[in-house]
file final35.txt (compact mmCIF, C-alpha atoms)
# COMPACT_ATOMS: atom_id res chain seq x y z
CA THR A 1 -32.83 188.94 -48.12
CA ILE A 2 -32.12 189.94 -44.50
CA SER A 3 -33.89 187.60 -42.10
CA GLN A 4 -32.30 189.08 -38.98
CA PRO A 5 -32.33 191.69 -37.47
CA ASP A 6 -35.59 193.53 -38.11
CA ASP A 7 -35.41 197.22 -38.88
CA GLY A 8 -35.98 199.09 -35.60
CA THR A 9 -34.47 196.41 -33.38
CA ILE A 10 -33.56 197.55 -29.83
CA THR A 11 -30.81 195.82 -27.86
CA ASN A 12 -28.42 196.34 -24.96
CA GLN A 13 -25.75 194.10 -26.54
CA GLU A 14 -22.48 195.38 -28.00
CA SER A 15 -23.09 193.71 -31.38
CA ILE A 16 -25.94 192.49 -33.56
CA GLU A 17 -26.04 189.30 -35.63
CA PHE A 18 -27.02 189.62 -39.29
CA LEU A 19 -28.44 186.57 -41.05
CA GLY A 20 -29.81 186.23 -44.57
CA THR A 21 -29.18 185.22 -48.15
CA VAL A 22 -27.83 186.85 -51.30
CA VAL A 23 -29.06 185.47 -54.63
CA ASP A 24 -26.72 186.46 -57.46
CA THR A 25 -24.42 184.09 -59.35
CA ASN A 26 -22.16 186.99 -60.28
CA LEU A 27 -21.87 188.59 -56.84
CA LEU A 28 -18.84 190.86 -56.60
CA LEU A 29 -19.27 192.55 -53.25
CA PHE A 30 -21.42 192.26 -50.16
CA ALA A 31 -20.92 194.65 -47.24
CA ILE A 32 -22.68 195.66 -44.04
CA ASP A 33 -21.79 199.00 -42.46
CA GLY A 34 -18.61 199.08 -44.52
CA ASN A 35 -17.54 195.58 -43.50
CA ILE A 36 -16.96 193.08 -46.32
CA ILE A 37 -19.02 189.96 -45.56
CA ASN A 38 -18.26 186.48 -46.89
CA VAL A 39 -21.19 184.79 -48.61
CA ALA A 40 -21.41 181.00 -48.62
CA PRO A 41 -21.81 179.08 -51.90
CA ASP A 42 -25.51 178.60 -51.15
CA GLY A 43 -25.90 182.39 -50.82
CA SER A 44 -26.28 182.46 -47.03
CA PHE A 45 -24.39 184.88 -44.83
CA SER A 46 -23.85 185.49 -41.13
CA ALA A 47 -22.09 188.50 -39.65
CA SER A 48 -21.69 190.11 -36.25
CA ILE A 49 -21.68 193.92 -36.46
CA LEU A 50 -20.45 196.10 -33.59
CA LEU A 51 -22.83 198.79 -32.34
CA HIS A 52 -22.34 202.14 -30.69
CA GLU A 53 -24.65 203.62 -28.07
CA GLY A 54 -27.82 205.08 -29.54
CA ASN A 55 -29.16 204.62 -33.05
CA ASN A 56 -27.09 202.68 -35.59
CA SER A 57 -28.05 203.08 -39.27
CA LEU A 58 -26.40 200.03 -40.82
CA PHE A 59 -26.00 200.29 -44.59
CA VAL A 60 -26.21 196.97 -46.47
CA LEU A 61 -24.84 196.79 -50.03
CA ALA A 62 -24.72 193.96 -52.58
CA ARG A 63 -23.02 194.52 -55.99
CA ASP A 64 -22.51 192.10 -58.87
CA GLU A 65 -19.84 191.99 -61.54
CA VAL A 66 -21.78 194.25 -63.93
CA PHE A 67 -22.33 196.76 -61.11
CA ASN A 68 -25.97 196.06 -60.47
CA GLU A 69 -26.59 197.05 -56.86
CA TYR A 70 -29.03 196.37 -54.11
CA SER A 71 -28.90 198.43 -50.91
CA THR A 72 -30.94 198.97 -47.79
CA THR A 73 -30.52 200.40 -44.32
CA VAL A 74 -31.30 198.56 -41.10
CA ASN A 75 -31.74 200.72 -38.01
CA VAL A 76 -30.67 199.19 -34.69
CA THR A 77 -30.70 201.03 -31.36
CA ARG A 78 -28.24 200.12 -28.63
CA ASP A 79 -29.23 201.21 -25.12
CA THR A 80 -27.11 200.12 -22.15
CA GLN A 81 -28.37 202.66 -19.61
CA PRO A 82 -30.87 201.51 -16.94
CA PRO A 83 -34.09 203.40 -16.20
CA GLN A 84 -34.34 206.02 -13.46
CA ILE A 85 -36.70 205.02 -10.66
CA SER A 86 -37.85 206.46 -7.34
CA ILE A 87 -40.30 205.73 -4.52
CA SER A 88 -41.78 208.99 -3.25
CA SER A 89 -44.28 207.47 -0.83
CA PRO A 90 -44.15 205.85 1.66
CA SER A 91 -40.80 206.80 3.14
CA ASP A 92 -38.27 204.14 4.08
CA GLY A 93 -38.88 202.96 7.65
CA ALA A 94 -42.46 204.24 7.82
CA ILE A 95 -44.75 202.64 10.44
CA PHE A 96 -48.46 202.08 9.78
CA ASN A 97 -51.37 200.92 11.95
CA ASP A 98 -53.48 200.25 8.83
CA PRO A 99 -52.34 197.46 6.46
CA ASN A 100 -53.74 199.22 3.38
CA ILE A 101 -51.16 201.61 1.92
CA THR A 102 -50.47 203.37 -1.39
CA VAL A 103 -47.06 203.18 -3.07
CA GLN A 104 -46.20 206.08 -5.38
CA GLY A 105 -43.19 207.21 -7.36
CA THR A 106 -41.70 207.84 -10.79
CA ALA A 107 -39.93 205.79 -13.46
CA SER A 108 -38.40 207.07 -16.70
CA ASP A 109 -35.90 206.11 -19.37
CA SER A 110 -34.35 208.63 -21.75
CA GLY A 111 -33.02 205.98 -24.12
CA THR A 112 -35.67 203.53 -25.30
CA GLY A 113 -38.51 204.16 -22.83
CA ILE A 114 -40.05 202.06 -20.07
CA ALA A 115 -41.35 198.65 -21.16
CA GLY A 116 -42.75 197.56 -17.81
CA LEU A 117 -42.84 198.23 -14.08
CA THR A 118 -43.61 195.98 -11.12
CA VAL A 119 -44.24 196.60 -7.44
CA ASN A 120 -43.48 193.51 -5.36
CA GLY A 121 -43.76 191.44 -8.53
CA SER A 122 -47.14 192.78 -9.71
CA ASN A 123 -47.41 194.77 -12.93
CA VAL A 124 -48.24 198.44 -12.46
CA SER A 125 -49.16 200.91 -15.22
CA LEU A 126 -47.41 204.24 -15.68
CA SER A 127 -49.23 207.52 -16.18
CA GLY A 128 -46.53 209.56 -17.90
CA ASP A 129 -43.55 208.99 -15.62
CA SER A 130 -45.67 208.38 -12.50
CA TYR A 131 -47.05 205.23 -10.91
CA SER A 132 -49.39 204.54 -8.01
CA THR A 133 -50.65 201.25 -6.62
CA ASN A 134 -52.21 199.88 -3.44
CA LEU A 135 -50.65 197.22 -1.22
CA VAL A 136 -51.89 195.25 1.76
CA LEU A 137 -49.13 194.81 4.34
CA ALA A 138 -48.53 191.72 6.45
CA LEU A 139 -48.07 192.21 10.18
CA GLY A 140 -44.52 193.24 11.00
CA THR A 141 -41.81 194.58 8.70
CA SER A 142 -42.24 194.26 4.92
CA SER A 143 -40.02 195.08 1.96
CA ILE A 144 -41.40 197.03 -0.99
CA GLU A 145 -39.45 196.62 -4.23
CA VAL A 146 -40.14 198.53 -7.43
CA VAL A 147 -38.49 197.25 -10.63
CA ALA A 148 -38.50 199.07 -13.99
CA THR A 149 -37.40 197.53 -17.31
CA ASP A 150 -36.71 199.51 -20.48
CA ASN A 151 -37.28 198.37 -24.06
CA ALA A 152 -33.66 197.24 -24.39
CA GLY A 153 -33.96 194.92 -21.40
CA ASN A 154 -32.06 197.07 -18.89
CA THR A 155 -33.52 197.04 -15.37
CA ALA A 156 -33.39 199.24 -12.28
CA SER A 157 -34.88 198.71 -8.85
CA SER A 158 -35.58 200.62 -5.66
CA GLN A 159 -36.44 199.07 -2.31
CA ILE A 160 -37.70 200.30 1.05
CA SER A 161 -38.91 198.68 4.28
CA VAL A 162 -42.10 199.58 6.14
CA THR A 163 -43.76 198.21 9.26
CA TYR A 164 -47.38 197.43 10.00
CA GLU A 165 -48.29 197.36 13.69
CA GLU A 166 -51.79 196.52 14.85
CA GLN A 167 -53.29 199.38 16.79
CA ALA A 168 -54.06 198.20 20.32
CA GLN A 169 -57.52 198.92 21.63
CA THR A 170 -57.46 201.93 23.92
CA PRO A 171 -58.08 200.59 27.43
CA GLU A 172 -61.12 201.78 29.36
CA LEU A 173 -61.57 201.66 33.14
CA GLU A 174 -64.90 201.99 34.87
CA ILE A 175 -64.96 202.25 38.68
CA THR A 176 -68.14 200.76 40.07
CA TYR A 177 -67.24 201.25 43.76
CA PRO A 178 -66.86 203.59 45.56
CA PRO A 179 -69.14 206.14 43.97
CA GLU A 180 -67.99 209.69 43.31
CA GLY A 181 -67.92 211.73 46.56
CA PHE A 182 -68.08 208.65 48.80
CA LEU A 183 -67.53 209.49 52.53
CA THR A 184 -65.62 207.19 54.89
CA ASN A 185 -63.56 207.25 58.08
CA ALA A 186 -61.77 204.00 57.20
CA PRO A 187 -58.00 204.16 56.53
CA SER A 188 -58.47 202.11 53.34
CA ILE A 189 -61.20 200.93 51.01
CA VAL A 190 -61.64 198.31 48.33
CA VAL A 191 -62.03 199.73 44.81
CA THR A 192 -63.91 197.63 42.28
CA GLY A 193 -64.67 198.12 38.60
CA THR A 194 -64.21 196.77 35.08
CA ILE A 195 -61.40 196.97 32.52
CA VAL A 196 -61.88 196.91 28.73
CA GLY A 197 -58.82 196.80 26.47
CA ASP A 198 -55.10 196.50 27.11
CA VAL A 199 -54.64 195.71 30.79
CA ALA A 200 -50.95 196.61 30.57
CA LYS A 201 -51.91 200.26 30.04
CA ILE A 202 -54.43 200.48 32.83
CA VAL A 203 -51.94 201.89 35.33
CA ALA A 204 -51.68 205.11 33.36
CA LEU A 205 -55.44 205.40 33.10
CA ALA A 206 -55.99 204.67 36.76
CA GLY A 207 -54.18 207.85 37.68
CA ASN A 208 -55.84 209.99 35.01
CA ALA A 209 -58.99 209.31 33.10
CA ALA A 210 -60.69 207.01 35.60
CA SER A 211 -60.52 208.37 39.15
CA ARG A 212 -62.77 208.87 42.16
CA THR A 213 -62.58 211.44 44.94
CA VAL A 214 -62.98 209.88 48.37
CA TYR A 215 -63.41 211.93 51.56
call {"tool": "encode", "arguments": {"input": "final35.txt", "output": "structure tokens"}}
result
Amino acid sequence: TISQPDDGTITNQESIEFLGTVVDTNLLLFAIDGNIINVAPDGSFSASILLHEGNNSLFVLARDEVFNEYSTTVNVTRDTQPPQISISSPSDGAIFNDPNITVQGTASDSGTGIAGLTVNGSNVSLSGDSYSTNLVLALGTSSIEVVATDNAGNTASSQISVTYEEQAQTPELEITYPPEGFLTNAPSIVVTGTIVGDVAKIVALAGNAASRTVY
């Protein structure tokens, strides 16, 4: 009886541990993948078998002194290659004035397939090789990290930084005095009005959008 590993096991390790028992008082030979394995008096065995990359079909054979045989094959896949991952949107260094953004990209694994994907620690589902999820940015610069894990436990990550800047209210200037077309012979006049928005930008507006002609 083989208690470990299960047929179809996937690993990224260089070897796999076999555990189990052989019940035969006249056991002559016990081998795994061509390696002779010692069996304890109680019938238990333990063996570490080296793996190559990809699928390993490990042949297990037990034979007694009158040549009765039991055999089976245990398939174990070794995958040491990490997934391939990309972030297609947004671009690294992008600046937003809306905190709600969509992160998109691809993740794939040619060995054992993608087991899971996270964006900033939250699980995200794949549609084929593509993913898409929404994020809410904090004010300032934020990191976005996408991590993919394959079925053998290999991981890959991709990271970008984006910035959220609050959009300042466009300043508005209303001149209440003097009125348009006001006539005067004075060398100077007092201009009054109201400002709504960013006062620091009012100088630019004063010479453009909000002006009065005085004669």
call {"tool": "closest_residue", "arguments": {"input": "final35.txt", "among": "A:Thr106, A:Asn68, A:Ser158, A:Ser86", "to": "A:Asn26", "atoms": "only C-alpha atoms"}}
result
A:Asn68
call {"tool": "closest_residue", "arguments": {"input": "final35.txt", "among": "A:Ser108, A:Ser142, A:Gln159, A:Ser3", "to": "A:Gly128", "atoms": "all atoms listed in the file"}}
result
A:Ser108
call {"tool": "atom_distance", "arguments": {"input": "final35.txt", "atom1": "atom CA of A:Val60", "atom2": "atom CA of A:Gly34"}}
result
8.1 Å
call {"tool": "residues_around", "arguments": {"input": "final35.txt", "residues": "A:Thr141", "least_positions_apart": "6", "cutoff": "7 Å", "atoms": "all atoms listed in the file", "output": "PyMOL selection string"}}
result
chain A and resi 161-164
call {"tool": "atom_distance", "arguments": {"input": "final35.txt", "atom1": "atom CA of A:Thr112", "atom2": "atom CA of A:Thr77"}}
result
8.2 Å
call {"tool": "atom_distance", "arguments": {"input": "final35.txt", "atom1": "atom CA of A:Gly121", "atom2": "atom CA of A:Asn151"}}
result
18.2 Å
call {"tool": "closest_residue", "arguments": {"input": "final35.txt", "among": "A:Val66, A:Asp79, A:Ala186, A:Asn38", "to": "A:Ser15", "atoms": "all atoms listed in the file"}}
result
A:Asp79
call {"tool": "closest_residue", "arguments": {"input": "final35.txt", "among": "A:Val124, A:Ile49, A:Leu27, A:Ile36", "to": "A:Arg63", "atoms": "all atoms listed in the file"}}
result
A:Leu27
call {"tool": "residues_near_point", "arguments": {"input": "final35.txt", "point": "(-40.8, 209.2, -8.1)", "cutoff": "7 Å", "atoms": "all atoms listed in the file", "output": "JSON, numbers by chain"}}
result
{"A": [85, 86, 87, 88, 104, 105, 106, 107, 130]}
call {"tool": "write_last_selection", "arguments": {"input": "final35.txt", "atoms": "C-alpha atoms", "output": "PDB file, keeping the file's coordinate frame"}}
result
ATOM      1  CA  ILE A  85     -36.700 205.020 -10.660  1.00  0.00           C
ATOM      2  CA  SER A  86     -37.850 206.460  -7.340  1.00  0.00           C
ATOM      3  CA  ILE A  87     -40.300 205.730  -4.520  1.00  0.00           C
ATOM      4  CA  SER A  88     -41.780 208.990  -3.250  1.00  0.00           C
ATOM      5  CA  GLN A 104     -46.200 206.080  -5.380  1.00  0.00           C
ATOM      6  CA  GLY A 105     -43.190 207.210  -7.360  1.00  0.00           C
ATOM      7  CA  THR A 106     -41.700 207.840 -10.790  1.00  0.00           C
ATOM      8  CA  ALA A 107     -39.930 205.790 -13.460  1.00  0.00           C
ATOM      9  CA  SER A 130     -45.670 208.380 -12.500  1.00  0.00           C
TER      10      SER A 130
END
call {"tool": "closest_residue", "arguments": {"input": "final35.txt", "among": "A:Asn100, A:Asp7, A:Gln13, A:Val22", "to": "A:Phe59", "atoms": "all atoms listed in the file"}}
result
A:Asp7
call {"tool": "axis_aligned_box", "arguments": {"input": "final35.txt", "around": "stretch 140-158 of chain A", "padding_each_side": "6 Å", "output": "JSON"}}
result
{"center_x": -38.3, "center_y": 196.9, "center_z": -6.7, "size_x": 24.5, "size_y": 19.4, "size_z": 47.4}
call {"tool": "residues_around", "arguments": {"input": "final35.txt", "residues": "A:Ala47", "least_positions_apart": "5", "cutoff": "12 Å", "atoms": "only C-alpha atoms", "output": "count of residues only"}}
result
21
call {"tool": "residues_around", "arguments": {"input": "final35.txt", "residues": "A:Ala152", "least_positions_apart": "3", "cutoff": "12 Å", "atoms": "all atoms listed in the file", "output": "ChimeraX atom specification"}}
result
/A:8-14,53-54,76-83,109-116,148-149,155
call {"tool": "closest_residue", "arguments": {"input": "final35.txt", "among": "A:Gly193, A:Gly140, A:Pro41, A:Gly153", "to": "A:Pro178", "atoms": "only C-alpha atoms"}}
result
A:Gly193
call {"tool": "build_atoms", "arguments": {"input": "final35.txt", "residues": "stretch 74-104 of chain A", "atoms": "N, CA and C atoms", "output": "compact mmCIF listing (two decimals), keeping the file's coordinate frame"}}
result
# COMPACT_ATOMS: atom_id res chain seq x y z
N VAL A 74 -30.66 199.17 -42.26
CA VAL A 74 -31.30 198.56 -41.10
C VAL A 74 -30.94 199.39 -39.87
N ASN A 75 -31.96 199.90 -39.20
CA ASN A 75 -31.74 200.72 -38.01
C ASN A 75 -31.81 199.86 -36.75
N VAL A 76 -30.74 199.93 -35.95
CA VAL A 76 -30.67 199.19 -34.69
C VAL A 76 -30.27 200.16 -33.59
N THR A 77 -31.02 200.15 -32.48
CA THR A 77 -30.70 201.03 -31.36
C THR A 77 -30.05 200.23 -30.24
N ARG A 78 -28.90 200.72 -29.79
CA ARG A 78 -28.24 200.12 -28.63
C ARG A 78 -28.43 201.03 -27.42
N ASP A 79 -28.97 200.46 -26.35
CA ASP A 79 -29.23 201.21 -25.12
C ASP A 79 -28.71 200.37 -23.96
N THR A 80 -27.68 200.86 -23.28
CA THR A 80 -27.11 200.12 -22.15
C THR A 80 -27.39 200.79 -20.81
N GLN A 81 -28.12 201.90 -20.84
CA GLN A 81 -28.37 202.66 -19.61
C GLN A 81 -29.67 202.21 -18.94
N PRO A 82 -29.65 201.95 -17.63
CA PRO A 82 -30.87 201.51 -16.94
C PRO A 82 -31.85 202.66 -16.75
N PRO A 83 -33.11 202.34 -16.47
CA PRO A 83 -34.09 203.40 -16.20
C PRO A 83 -33.77 204.13 -14.90
N GLN A 84 -34.41 205.28 -14.72
CA GLN A 84 -34.34 206.02 -13.46
C GLN A 84 -35.64 205.76 -12.70
N ILE A 85 -35.53 205.43 -11.42
CA ILE A 85 -36.70 205.02 -10.66
C ILE A 85 -36.64 205.59 -9.25
N SER A 86 -37.79 205.93 -8.70
CA SER A 86 -37.85 206.46 -7.34
C SER A 86 -39.14 206.03 -6.66
N ILE A 87 -39.10 205.96 -5.34
CA ILE A 87 -40.30 205.73 -4.52
C ILE A 87 -40.49 206.99 -3.68
N SER A 88 -41.54 207.74 -3.97
CA SER A 88 -41.78 208.99 -3.25
C SER A 88 -42.62 208.79 -2.00
N SER A 89 -43.43 207.74 -1.99
CA SER A 89 -44.28 207.47 -0.83
C SER A 89 -44.61 205.97 -0.80
N PRO A 90 -44.52 205.33 0.35
CA PRO A 90 -44.15 205.85 1.66
C PRO A 90 -42.65 206.03 1.79
N SER A 91 -42.22 206.63 2.89
CA SER A 91 -40.80 206.80 3.14
C SER A 91 -40.23 205.52 3.73
N ASP A 92 -38.94 205.32 3.54
CA ASP A 92 -38.27 204.14 4.08
C ASP A 92 -38.35 204.17 5.61
N GLY A 93 -38.76 203.04 6.20
CA GLY A 93 -38.88 202.96 7.65
C GLY A 93 -40.21 203.41 8.21
N ALA A 94 -41.16 203.77 7.35
CA ALA A 94 -42.46 204.24 7.82
C ALA A 94 -43.19 203.14 8.61
N ILE A 95 -43.97 203.56 9.60
CA ILE A 95 -44.75 202.64 10.44
C ILE A 95 -46.23 202.96 10.26
N PHE A 96 -47.02 201.92 10.02
CA PHE A 96 -48.46 202.08 9.78
C PHE A 96 -49.25 201.25 10.80
N ASN A 97 -50.45 201.74 11.15
CA ASN A 97 -51.37 200.92 11.95
C ASN A 97 -52.57 200.49 11.11
N ASP A 98 -52.49 200.73 9.79
CA ASP A 98 -53.48 200.25 8.83
C ASP A 98 -52.72 199.49 7.75
N PRO A 99 -53.10 198.25 7.44
CA PRO A 99 -52.34 197.46 6.46
C PRO A 99 -52.50 197.94 5.02
N ASN A 100 -53.49 198.76 4.74
CA ASN A 100 -53.74 199.22 3.38
C ASN A 100 -52.97 200.52 3.11
N ILE A 101 -51.98 200.44 2.22
CA ILE A 101 -51.16 201.61 1.92
C ILE A 101 -51.10 201.83 0.41
N THR A 102 -50.66 203.02 0.01
CA THR A 102 -50.47 203.37 -1.39
C THR A 102 -48.98 203.62 -1.64
N VAL A 103 -48.46 202.99 -2.67
CA VAL A 103 -47.06 203.18 -3.07
C VAL A 103 -47.04 204.06 -4.32
N GLN A 104 -46.26 205.13 -4.28
CA GLN A 104 -46.20 206.08 -5.38
C GLN A 104 -44.75 206.41 -5.72
